[in-house]
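Just below is one structure, and these are the notes that go with it.
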Amino acid sequence: MSKNSQGNFFEDFAVGQEIHHATPRTITSGDVALYTSLFGSRFPVQSSQALARDIGYASAPVDDLLVFHIIFGKTVPDVSLNAIANLGYAECRFLVPVACGDTLSAVSEVIGLRENSSRKSGVVYVRSSGFNQHGEKVLEYARWVMIRKRDEASPAPETVVPHLEKQVNADSLGDAIPVLDVSKYPSWVGGSEFFWDDYEIGEQIDHVDAMTVEEAEHQIATRLYQNTAKVHFNLFAQKDDRFGRRLIYGGHVMSLARALSFNGLGNGSQIMAINGGRHVAPLFAGDTVFAWSEIVGKAELPGRDDIGALRVRTFATRDLPCGTYPGPVEGGYTDGVILDLDYWVAMIRRS
Amino acid sequence: MSKNSQGNFFEDFAVGQEIHHATPRTITSGDVALYTSLFGSRFPVQSSQALARDIGYASAPVDDLLVFHIIFGKTVPDVSLNAIANLGYAECRFLVPVACGDTLSAVSEVIGLRENSSRKSGVVYVRSSGFNQHGEKVLEYARWVMIRKRDEASPAPETVVPHLEKQVNADSLGDAIPVLDVSKYPSWVGGSEFFWDDYEIGEQIDHVDAMTVEEAEHQIATRLYQNTAKVHFNLFAQKDDRFGRRLIYGGHVMSLARALSFNGLGNGSQIMAINGGRHVAPLFAGDTVFAWSEIVGKAELPGRDDIGALRVRTFATRDLPCGTYPGPVEGGYTDGVILDLDYWVAMIRRS
Amino acid sequence: MSKNSQGNFFEDFAVGQEIHHATPRTITSGDVALYTSLFGSRFPVQSSQALARDIGYASAPVDDLLVFHIIFGKTVPDVSLNAIANLGYAECRFLVPVACGDTLSAVSEVIGLRENSSRKSGVVYVRSSGFNQHGEKVLEYARWVMIRKRDEASPAPETVVPHLEKQVNADSLGDAIPVLDVSKYPSWVGGSEFFWDDYEIGEQIDHVDAMTVEEAEHQIATRLYQNTAKVHFNLFAQKDDRFGRRLIYGGHVMSLARALSFNGLGNGSQIMAINGGRHVAPLFAGDTVFAWSEIVGKAELPGRDDIGALRVRTFATRDLPCGTYPGPVEGGYTDGVILDLDYWVAMIRRS
């Protein structure tokens, strides 16, 4: 038996199973600089140690999606190396601030299994958690993936489909953000005069800017997360795939859309939760990504007047400017839409 | 009214107006590593903490052009998003040392306005300054840009054209460089036996080496500076532009030329001032950049014998080796020249 | 005489000559992040400060090959700028731990010279050493390179060919690794249940995963090491070369193969020595790299039961999966093999 790993197949999972994923990872200012260079994010709290400390952070928070991608990346060799399709995620919450110097590791629990009628594959549901070096849970999310069976003749497991909420309850948001002294947050830092009180449900914002993606860029990003999914890196194998090309990690589109959303949501300093998302179509190198957002919810946070919650639905497109707000249409989405992401943003309130 | 920004148009500027640009930015060793990886710079004072501290710096200085690009990048969304042409810059001085951990922010003052006779656009003159977290001005420069009008019918402002010096006075140089104990600077660290006393006005130096630029590289660099100029990133829009391609940020050429100049100016440890520069022609991905320099001035610095000032004019070319010193010719420049940069370098003096 | 350097030619070298190479270099967490992003390495000791300190390191060690590439890069402008061929290396040993914050510099001694019968070139043998800021030697290796003569008429030097060992003696290994408390090294961190005792001589491991390389990636890596070899960067000149393309630094393949080897050698935490290596064929951008390894030796380390030594021979290929273990064949190597690297790995022993 060889000492390498070919990843887990559907019949390797059992409900209740706990997987400790390889390679604990210290996040450094090098990771943060790379993240900035790959997405051009401009949210001020992540960008400035001086500002972050002035308003009450112990240290500038690491971009939430960078934390998400690193935890997600760790789960790939064990959870999704033999995935046919990433079906969804839900109940993603950021729980504790993450700063440079923190060491993150990931654990997943199998929370559901359902074999497909074809008997060739099945759906695996996991709840993955990221922990820091103190053992505090910094992040958790549920995810479900369609995985190949190693042997079609393997018996089907008992079907368990977990209940997952369509949205994270606003009352549970904000744990990863200390109480901020927003009197020390001048409006120029976010490049926007608009704060939580100024946004209304139903409002739409074209983020105007756009970003073309190169093969080297998405590979550098995805390796930074130590994500080993073969489709992103192996052109030799992908040449014979139906697309004939490397597929770009879906999280790359999330990060691009989030970075572009600065132009319109500049004081939306952190993501507190991700309710769910659909990767509607793949992105390829050479494509140009645009984004727009709709405000779909708004909530005060219990006992806090420094920040409020905005529920945002951000759509990303490829080679399609967003002035006309392309999105869902009957039977699917406008051609060109690649991402429909539903999440809660912490927006600074005017002091 | 949407909450995004489309950038300022000519009629949005007024002489005396002060603009605080978004996103304060802490510079880290991650930024420095990326800068090294993108340009291959080898100047020893920026590369070695041990050397920098030995000779008198509190900490290794961040490459001057990295500081320049970060401040410049911050001004783009407010000053030049609707620029038709970057016309020039002048009076750029580095005033205070910048080290990793410093947080930089940028402020611009409008110092001149002149509507074009076409009434479709005008020239905006700004003086931009970078400040550190202590409020000290670390850098300033003047710049003028041709900007579109939003509405051709808008009335023309009073014409104000500021006086800008053709060169920074040598007496005002060196504030960002502490007095150095050059007895602790061995000649091998800069890879050159030549120091300030060895250079003569009129001397020409072919920098020999060359660098081909990839799309991913200039995008990674330009996003690192949080520069949002669309022409560098949006292939979808650029396809219909006269060049049909993304344009590479002019500052990328400056950094490449400066890095290449190590081979011939290896003990020229810092840029103290930029007198001016012309981006003669655009650079595109796939092109190979070469560079050569002429020593056009030389000055002692008042009260200092650790460093002297060399006024250097560096030319960069694309796909054109520099053994023949291509440069200005009647009516313009030799074909292939893309940059003509005039600046003051601090060169170590022999102890 | 110009102040630039065109590199040394064969007749510029003399046996016994010592060369102090330019640009001391402080290694930072930025360099480490870039290295991770370029190769996707997942060995836990380098990735996690918390783990490294828990088990006995003062600080997480910098990846050994990153240290090697940085020292190697410094030698290029003086040793191999006019190389026709890199012929080999041997007796490479890692001697002292290197952590972020350390400043490295490089010195080479010429240990052999042999003019070729053509009289147009000759072989130069050097022993290169890397030192930290305390003057401790962190790394040494011997290397031999074929170098052009400036002038064919120059007299031949006396032939001196040094004796170089075919393998580094196992008794001399491990100096760069402190004694580890492996009871604090849980098996999940390396993603593998297999430790030193589990490996047998003759065992073969397909590393399964693969990585396609882009021009921007190898240029970014090679500049990070401040390596100036022209063939990696100058497309304008390479167009007229026999390959018509930029050549990728051989060290890039070493790092890719080492990173891929995590899948099968996950607890092989550090390279202690490189016995030798052959760059069998060049790698070009767009090619996909695969790797497999054979265990060719095994040794206990004197007085240590925390780690043991595995002598590993890793083969890298391009566009050739490694399930059939392609390697040496009569008269050379299987088509597609690009690297045959022989080295000693420190493998964690079960506590």
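Labeling convention for the structure tokens: chains A, B, ... as they appear, residues from 1 per chain, ligands from 1 in order of appearance.
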### Task
May I have all residues of segment 245-286 of chain C that DSSP, computed from the backbone, assigns to strand (DSSP E), given as number ranges by chain?
C: 268-279
Mind writing the picked residues with N, CA and C atoms as an mmCIF file, in the first residue's frame?
```cif
data_model
loop_
_atom_site.group_PDB
_atom_site.id
_atom_site.type_symbol
_atom_site.label_atom_id
_atom_site.label_comp_id
_atom_site.auth_asym_id
_atom_site.auth_seq_id
_atom_site.Cartn_x
_atom_site.Cartn_y
_atom_site.Cartn_z
ATOM 1 N N GLY C 268 8.123 14.301 6.730
ATOM 2 C CA GLY C 268 9.532 14.521 6.386
ATOM 3 C C GLY C 268 9.827 15.999 6.452
ATOM 4 N N SER C 269 10.040 16.468 7.663
ATOM 5 C CA SER C 269 9.884 17.890 7.947
ATOM 6 C C SER C 269 10.955 18.800 7.354
ATOM 7 N N GLN C 270 12.167 18.305 7.153
ATOM 8 C CA GLN C 270 13.205 19.194 6.636
ATOM 9 C C GLN C 270 14.173 18.424 5.751
ATOM 10 N N ILE C 271 14.772 19.142 4.838
ATOM 11 C CA ILE C 271 15.893 18.600 4.073
ATOM 12 C C ILE C 271 17.160 18.882 4.875
ATOM 13 N N MET C 272 17.959 17.852 5.095
ATOM 14 C CA MET C 272 19.195 18.040 5.872
ATOM 15 C C MET C 272 20.410 18.179 4.968
ATOM 16 N N ALA C 273 20.340 17.539 3.794
ATOM 17 C CA ALA C 273 21.488 17.586 2.882
ATOM 18 C C ALA C 273 21.002 17.235 1.488
ATOM 19 N N ILE C 274 21.701 17.747 0.477
ATOM 20 C CA ILE C 274 21.454 17.350 -0.907
ATOM 21 C C ILE C 274 22.723 16.674 -1.404
ATOM 22 N N ASN C 275 22.591 15.393 -1.771
ATOM 23 C CA ASN C 275 23.767 14.653 -2.231
ATOM 24 C C ASN C 275 24.153 15.033 -3.653
ATOM 25 N N GLY C 276 23.167 15.363 -4.439
ATOM 26 C CA GLY C 276 23.429 15.736 -5.812
ATOM 27 C C GLY C 276 22.131 15.754 -6.582
ATOM 28 N N GLY C 277 22.198 16.196 -7.815
ATOM 29 C CA GLY C 277 20.978 16.248 -8.593
ATOM 30 C C GLY C 277 21.287 16.430 -10.054
ATOM 31 N N ARG C 278 20.392 15.959 -10.905
ATOM 32 C CA ARG C 278 20.543 16.182 -12.345
ATOM 33 C C ARG C 278 19.294 16.858 -12.879
ATOM 34 N N HIS C 279 19.493 17.980 -13.543
ATOM 35 C CA HIS C 279 18.390 18.634 -14.244
ATOM 36 C C HIS C 279 18.397 18.052 -15.653
#
```
Would you write out chain C as a compact mmCIF listing (two decimals) with C-alpha atoms, in the first residue's frame, after superposing it on chain A by least squares over all in-order Cα pairs?
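The result, stored in superposed.txt:
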```
# COMPACT_ATOMS: atom_id res chain seq x y z
CA MET C 1 0.08 -0.02 -0.02
CA SER C 2 1.47 3.32 -1.03
CA LYS C 3 2.04 6.06 1.51
CA ASN C 4 0.36 8.74 -0.58
CA SER C 5 -3.26 9.80 -0.25
CA GLN C 6 -5.80 9.70 -3.06
CA GLY C 7 -8.39 11.51 -0.94
CA ASN C 8 -11.58 10.13 0.57
CA PHE C 9 -14.41 8.58 -1.45
CA PHE C 10 -18.08 8.61 -0.55
CA GLU C 11 -17.93 5.33 1.32
CA ASP C 12 -15.03 6.58 3.47
CA PHE C 13 -17.33 9.01 5.32
CA ALA C 14 -19.58 8.21 8.30
CA VAL C 15 -21.99 10.52 10.10
CA GLY C 16 -20.38 11.76 13.32
CA GLN C 17 -16.84 11.23 11.99
CA GLU C 18 -14.39 13.97 12.94
CA ILE C 19 -11.47 14.83 10.66
CA HIS C 20 -8.43 16.83 11.83
CA HIS C 21 -7.04 18.36 8.65
CA ALA C 22 -3.34 18.61 7.96
CA THR C 23 -1.00 21.55 8.28
CA PRO C 24 -1.63 24.13 10.96
CA ARG C 25 -0.89 27.54 9.48
CA THR C 26 0.36 30.76 11.03
CA ILE C 27 -1.07 33.80 9.25
CA THR C 28 1.47 36.57 8.73
CA SER C 29 1.71 40.03 7.26
CA GLY C 30 3.14 38.26 4.21
CA ASP C 31 -0.17 36.50 3.65
CA VAL C 32 -1.99 39.80 4.09
CA ALA C 33 0.24 41.58 1.57
CA LEU C 34 -0.29 38.80 -0.95
CA TYR C 35 -4.03 38.97 -0.44
CA THR C 36 -3.98 42.72 -1.07
CA SER C 37 -1.85 42.25 -4.17
CA LEU C 38 -4.16 39.60 -5.60
CA PHE C 39 -7.49 41.32 -5.00
CA GLY C 40 -6.69 44.99 -4.39
CA SER C 41 -8.95 45.14 -1.35
CA ARG C 42 -9.13 48.61 0.20
CA PHE C 43 -11.23 48.24 3.35
CA PRO C 44 -9.38 50.43 5.85
CA VAL C 45 -9.65 48.39 9.03
CA GLN C 46 -7.72 45.49 7.45
CA SER C 47 -5.27 47.82 5.71
CA SER C 48 -4.16 50.04 8.58
CA GLN C 49 -2.76 48.86 11.91
CA ALA C 50 -2.87 52.45 13.16
CA LEU C 51 -6.58 52.87 12.38
CA ALA C 52 -7.51 49.43 13.69
CA ARG C 53 -5.80 50.07 17.02
CA ASP C 54 -7.16 53.60 17.28
CA ILE C 55 -10.74 52.36 17.08
CA GLY C 56 -10.39 49.39 19.40
CA TYR C 57 -8.92 46.33 17.71
CA ALA C 58 -5.98 44.69 19.46
CA SER C 59 -4.46 44.40 16.00
CA ALA C 60 -5.74 44.87 12.44
CA PRO C 61 -8.07 41.99 11.62
CA VAL C 62 -7.08 39.64 8.83
CA ASP C 63 -9.54 39.80 5.91
CA ASP C 64 -12.40 37.45 6.76
CA LEU C 65 -12.33 35.75 3.37
CA LEU C 66 -8.60 35.07 3.69
CA VAL C 67 -9.40 33.26 6.95
CA PHE C 68 -12.24 31.43 5.24
CA HIS C 69 -10.07 30.36 2.29
CA ILE C 70 -7.30 29.10 4.56
CA ILE C 71 -9.68 26.97 6.62
CA PHE C 72 -11.50 25.80 3.50
CA GLY C 73 -8.19 24.94 1.82
CA LYS C 74 -7.21 22.65 4.68
CA THR C 75 -10.40 20.63 4.31
CA VAL C 76 -9.92 19.95 0.58
CA PRO C 77 -7.47 17.00 0.73
CA ASP C 78 -9.80 15.12 3.09
CA VAL C 79 -13.25 16.29 2.05
CA SER C 80 -13.40 17.25 -1.60
CA LEU C 81 -10.44 15.85 -3.51
CA ASN C 82 -12.81 13.46 -5.26
CA ALA C 83 -15.69 15.89 -5.52
CA ILE C 84 -17.80 15.96 -8.64
CA ALA C 85 -19.52 19.18 -7.57
CA ASN C 86 -19.46 21.69 -4.75
CA LEU C 87 -23.16 21.97 -4.01
CA GLY C 88 -23.40 24.66 -1.38
CA TYR C 89 -22.48 26.15 1.95
CA ALA C 90 -24.45 27.72 4.79
CA GLU C 91 -24.32 28.91 8.38
CA CYS C 92 -20.88 30.41 7.99
CA ARG C 93 -20.06 32.59 10.99
CA PHE C 94 -16.90 34.48 11.98
CA LEU C 95 -16.60 34.11 15.75
CA VAL C 96 -13.28 35.43 17.05
CA PRO C 97 -10.95 38.09 15.61
CA VAL C 98 -7.98 36.73 13.66
CA ALA C 99 -4.77 38.75 13.52
CA CYS C 100 -1.31 38.21 12.07
CA GLY C 101 0.59 35.75 14.23
CA ASP C 102 -2.40 33.55 14.89
CA THR C 103 -2.05 29.89 13.95
CA LEU C 104 -5.12 28.30 12.41
CA SER C 105 -6.13 24.68 12.07
CA ALA C 106 -9.27 23.02 10.78
CA VAL C 107 -11.56 20.23 11.90
CA SER C 108 -14.60 18.87 10.05
CA GLU C 109 -17.47 16.80 11.35
CA VAL C 110 -19.54 14.73 8.95
CA ILE C 111 -23.15 15.79 9.58
CA GLY C 112 -24.99 14.12 6.72
CA LEU C 113 -24.77 11.54 3.93
CA ARG C 114 -27.08 10.72 1.04
CA GLU C 115 -26.17 8.30 -1.71
CA ASN C 116 -27.33 9.29 -5.19
CA SER C 117 -29.79 7.08 -7.04
CA SER C 118 -27.10 6.36 -9.65
CA ARG C 119 -25.16 4.57 -6.87
CA LYS C 120 -21.99 6.10 -8.36
CA SER C 121 -21.73 8.97 -5.93
CA GLY C 122 -23.31 10.64 -2.96
CA VAL C 123 -23.64 13.88 -1.09
CA VAL C 124 -21.47 14.46 1.98
CA TYR C 125 -22.44 17.20 4.45
CA VAL C 126 -19.73 18.51 6.76
CA ARG C 127 -19.51 21.21 9.38
CA SER C 128 -15.98 22.64 9.26
CA SER C 129 -14.44 24.76 12.00
CA GLY C 130 -11.30 26.81 12.20
CA PHE C 131 -9.46 27.11 15.49
CA ASN C 132 -6.69 29.43 16.62
CA GLN C 133 -3.64 28.50 18.71
CA HIS C 134 -5.65 29.01 21.90
CA GLY C 135 -8.25 26.45 20.81
CA GLU C 136 -10.88 29.13 20.21
CA LYS C 137 -13.21 28.54 17.29
CA VAL C 138 -12.69 31.48 14.92
CA LEU C 139 -14.99 30.33 12.11
CA GLU C 140 -17.50 27.64 11.26
CA TYR C 141 -19.54 26.73 8.22
CA ALA C 142 -21.54 23.87 6.79
CA ARG C 143 -20.83 22.61 3.29
CA TRP C 144 -22.17 19.86 1.08
CA VAL C 145 -20.34 18.22 -1.78
CA MET C 146 -21.05 15.45 -4.26
CA ILE C 147 -18.32 12.81 -3.98
CA ARG C 148 -17.48 9.84 -6.17
CA LYS C 149 -17.71 6.32 -4.77
CA ARG C 150 -14.57 4.23 -4.97
CA ASP C 151 -16.66 1.15 -5.62
CA GLU C 152 -20.22 1.33 -6.94
CA ALA C 153 -21.03 -1.92 -5.19
CA SER C 154 -20.41 -0.49 -1.73
CA PRO C 155 -23.59 -0.47 0.36
CA ALA C 156 -25.41 2.83 0.78
CA PRO C 157 -25.20 4.41 4.23
CA GLU C 158 -28.31 5.44 6.10
CA THR C 159 -29.50 8.76 4.66
CA VAL C 160 -29.04 11.71 7.01
CA VAL C 161 -29.77 15.20 5.70
CA PRO C 162 -29.06 17.94 8.24
CA HIS C 163 -31.32 20.94 8.66
CA LEU C 164 -29.41 24.08 7.64
CA GLU C 165 -30.73 27.61 8.11
CA LYS C 166 -31.33 29.81 5.06
CA GLN C 167 -29.79 32.72 6.88
CA VAL C 168 -27.67 33.33 9.93
CA ASN C 169 -29.73 35.02 12.63
CA ALA C 170 -28.75 38.66 13.03
CA ASP C 171 -28.76 38.31 16.82
CA SER C 172 -25.77 35.98 16.60
CA LEU C 173 -23.57 38.34 14.56
CA GLY C 174 -20.56 40.41 15.43
CA ASP C 175 -18.66 38.23 17.89
CA ALA C 176 -15.45 38.68 15.92
CA ILE C 177 -15.61 42.47 16.10
CA PRO C 178 -14.70 44.30 19.32
CA VAL C 179 -16.79 47.31 20.32
CA LEU C 180 -15.37 50.14 18.22
CA ASP C 181 -14.82 53.78 19.07
CA VAL C 182 -16.16 55.05 15.77
CA SER C 183 -15.50 58.68 16.76
CA LYS C 184 -11.93 57.84 15.74
CA TYR C 185 -13.00 56.54 12.32
CA PRO C 186 -12.96 59.56 9.97
CA SER C 187 -15.13 59.25 6.90
CA TRP C 188 -12.25 59.62 4.42
CA VAL C 189 -10.66 56.30 5.45
CA GLY C 190 -13.37 54.27 3.72
CA GLY C 191 -13.62 56.56 0.72
CA SER C 192 -17.36 56.94 1.28
CA GLU C 193 -19.76 59.33 3.00
CA PHE C 194 -22.26 56.52 3.47
CA PHE C 195 -22.70 54.62 6.72
CA TRP C 196 -25.11 52.00 8.06
CA ASP C 197 -28.01 54.43 8.52
CA ASP C 198 -27.77 55.54 4.88
CA TYR C 199 -28.48 52.15 3.30
CA GLU C 200 -32.00 50.96 2.54
CA ILE C 201 -33.35 47.53 1.83
CA GLY C 202 -33.84 47.07 -1.89
CA GLU C 203 -31.04 49.47 -2.79
CA GLN C 204 -28.79 48.37 -5.65
CA ILE C 205 -25.16 49.38 -6.11
CA ASP C 206 -23.07 48.86 -9.23
CA HIS C 207 -19.47 48.47 -8.04
CA VAL C 208 -18.23 49.96 -11.33
CA ASP C 209 -14.67 48.61 -11.31
CA ALA C 210 -13.55 45.33 -12.86
CA MET C 211 -10.67 42.91 -12.72
CA THR C 212 -9.25 40.53 -15.32
CA VAL C 213 -7.84 37.32 -13.86
CA GLU C 214 -4.63 35.57 -14.93
CA GLU C 215 -3.69 31.91 -14.45
CA ALA C 216 -0.71 32.84 -12.29
CA GLU C 217 -2.91 34.95 -10.02
CA HIS C 218 -5.50 32.35 -9.11
CA GLN C 219 -2.84 29.67 -8.73
CA ILE C 220 -0.79 31.88 -6.41
CA ALA C 221 -3.90 32.67 -4.36
CA THR C 222 -5.12 29.11 -4.14
CA ARG C 223 -1.70 27.75 -3.18
CA LEU C 224 -1.45 30.48 -0.54
CA TYR C 225 -4.44 28.77 1.08
CA GLN C 226 -2.68 25.39 0.68
CA ASN C 227 -5.77 24.25 -1.23
CA THR C 228 -4.87 21.18 -3.29
CA ALA C 229 -7.91 20.77 -5.55
CA LYS C 230 -6.49 19.44 -8.81
CA VAL C 231 -8.77 21.29 -11.19
CA HIS C 232 -7.11 24.61 -10.32
CA PHE C 233 -3.52 23.53 -10.96
CA ASN C 234 -3.22 20.65 -13.41
CA LEU C 235 -3.53 21.82 -17.01
CA PHE C 236 -2.29 18.45 -18.26
CA ALA C 237 -5.35 16.72 -16.80
CA GLN C 238 -7.77 19.60 -17.42
CA LYS C 239 -7.00 19.60 -21.14
CA ASP C 240 -9.13 16.48 -21.38
CA ASP C 241 -11.88 17.88 -19.17
CA ARG C 242 -15.10 19.24 -20.69
CA PHE C 243 -13.84 22.83 -20.31
CA GLY C 244 -10.33 22.01 -21.53
CA ARG C 245 -8.87 24.49 -19.05
CA ARG C 246 -8.04 25.00 -15.44
CA LEU C 247 -11.03 26.01 -13.31
CA ILE C 248 -10.59 28.97 -10.99
CA TYR C 249 -11.36 28.35 -7.29
CA GLY C 250 -14.84 29.72 -6.56
CA GLY C 251 -13.45 31.53 -3.54
CA HIS C 252 -11.34 33.63 -5.90
CA VAL C 253 -14.53 35.12 -7.32
CA MET C 254 -15.85 35.76 -3.81
CA SER C 255 -12.71 37.69 -2.92
CA LEU C 256 -12.72 39.67 -6.16
CA ALA C 257 -16.38 40.60 -5.71
CA ARG C 258 -15.81 41.61 -2.11
CA ALA C 259 -12.81 43.76 -3.06
CA LEU C 260 -14.76 45.41 -5.89
CA SER C 261 -17.65 46.09 -3.49
CA PHE C 262 -15.48 48.64 -1.68
CA ASN C 263 -16.75 51.09 -4.30
CA GLY C 264 -20.19 51.49 -2.75
CA LEU C 265 -19.74 49.67 0.55
CA GLY C 266 -16.47 51.27 1.68
CA ASN C 267 -17.42 51.44 5.35
CA GLY C 268 -18.61 47.83 5.38
CA SER C 269 -15.58 46.81 7.30
CA GLN C 270 -16.02 43.08 7.86
CA ILE C 271 -18.03 40.08 6.81
CA MET C 272 -19.76 38.63 9.88
CA ALA C 273 -21.52 35.67 8.28
CA ILE C 274 -22.17 34.03 4.93
CA ASN C 275 -25.75 32.82 4.55
CA GLY C 276 -25.06 30.92 1.38
CA GLY C 277 -23.87 31.27 -2.15
CA ARG C 278 -24.18 29.88 -5.65
CA HIS C 279 -21.28 29.56 -8.04
CA VAL C 280 -23.55 29.89 -11.04
CA ALA C 281 -20.89 29.40 -13.73
CA PRO C 282 -17.13 28.91 -13.83
CA LEU C 283 -14.54 31.65 -14.25
CA PHE C 284 -11.51 31.18 -16.49
CA ALA C 285 -8.24 33.05 -16.84
CA GLY C 286 -8.57 35.97 -19.21
CA ASP C 287 -12.12 36.74 -18.09
CA THR C 288 -12.91 40.10 -16.50
CA VAL C 289 -14.96 40.10 -13.29
CA PHE C 290 -17.55 42.78 -12.48
CA ALA C 291 -19.86 42.95 -9.44
CA TRP C 292 -22.95 44.63 -8.04
CA SER C 293 -24.84 44.32 -4.77
CA GLU C 294 -28.36 44.56 -3.44
CA ILE C 295 -29.12 45.37 0.19
CA VAL C 296 -31.54 42.60 1.17
CA GLY C 297 -31.63 43.03 4.95
CA LYS C 298 -30.69 45.38 7.72
CA ALA C 299 -30.45 44.82 11.47
CA GLU C 300 -29.17 46.53 14.57
CA LEU C 301 -26.82 44.41 16.64
CA PRO C 302 -27.94 43.82 20.23
CA GLY C 303 -26.41 46.38 22.56
CA ARG C 304 -24.20 47.99 19.89
CA ASP C 305 -24.36 51.35 18.19
CA ASP C 306 -20.86 51.27 16.67
CA ILE C 307 -21.75 48.94 13.83
CA GLY C 308 -24.92 47.64 12.25
CA ALA C 309 -25.59 44.63 10.06
CA LEU C 310 -26.38 44.84 6.36
CA ARG C 311 -27.47 41.70 4.59
CA VAL C 312 -25.95 41.98 1.14
CA ARG C 313 -26.44 39.90 -1.97
CA THR C 314 -23.49 40.39 -4.28
CA PHE C 315 -23.54 39.18 -7.88
CA ALA C 316 -20.35 38.74 -9.86
CA THR C 317 -20.28 38.45 -13.64
CA ARG C 318 -17.69 37.71 -16.25
CA ASP C 319 -17.19 39.98 -19.24
CA LEU C 320 -20.45 41.71 -18.34
CA PRO C 321 -20.59 45.20 -16.81
CA CYS C 322 -23.16 45.47 -14.04
CA GLY C 323 -24.94 48.75 -14.81
CA THR C 324 -28.11 46.78 -15.60
CA TYR C 325 -27.87 44.67 -12.43
CA PRO C 326 -27.79 41.20 -14.05
CA GLY C 327 -29.07 38.51 -11.73
CA PRO C 328 -31.69 35.81 -11.36
CA VAL C 329 -34.10 35.26 -14.23
CA GLU C 330 -36.70 32.59 -14.78
CA GLY C 331 -34.98 29.25 -14.99
CA GLY C 332 -31.65 30.50 -13.72
CA TYR C 333 -29.51 33.59 -14.09
CA THR C 334 -28.71 36.19 -16.71
CA ASP C 335 -25.92 34.94 -18.96
CA GLY C 336 -22.59 36.04 -17.58
CA VAL C 337 -23.51 35.82 -13.90
CA ILE C 338 -20.97 33.62 -12.08
CA LEU C 339 -21.65 34.24 -8.37
CA ASP C 340 -24.69 34.96 -6.19
CA LEU C 341 -23.42 35.46 -2.65
CA ASP C 342 -25.62 36.22 0.37
CA TYR C 343 -23.82 37.53 3.45
CA TRP C 344 -23.95 39.86 6.45
CA VAL C 345 -21.61 42.83 6.47
CA ALA C 346 -20.70 44.92 9.53
CA MET C 347 -21.15 48.53 8.50
CA ILE C 348 -19.77 51.38 10.58
CA ARG C 349 -22.45 53.69 12.07
CA ARG C 350 -21.90 57.44 12.15
CA SER C 351 -20.65 58.52 15.52
```
### Task
Apply DSSP to the structure's backbone, then extract all residues of segment 105-268 of chain C labelled alpha helix (DSSP H) and return them as a count of residues only.
29
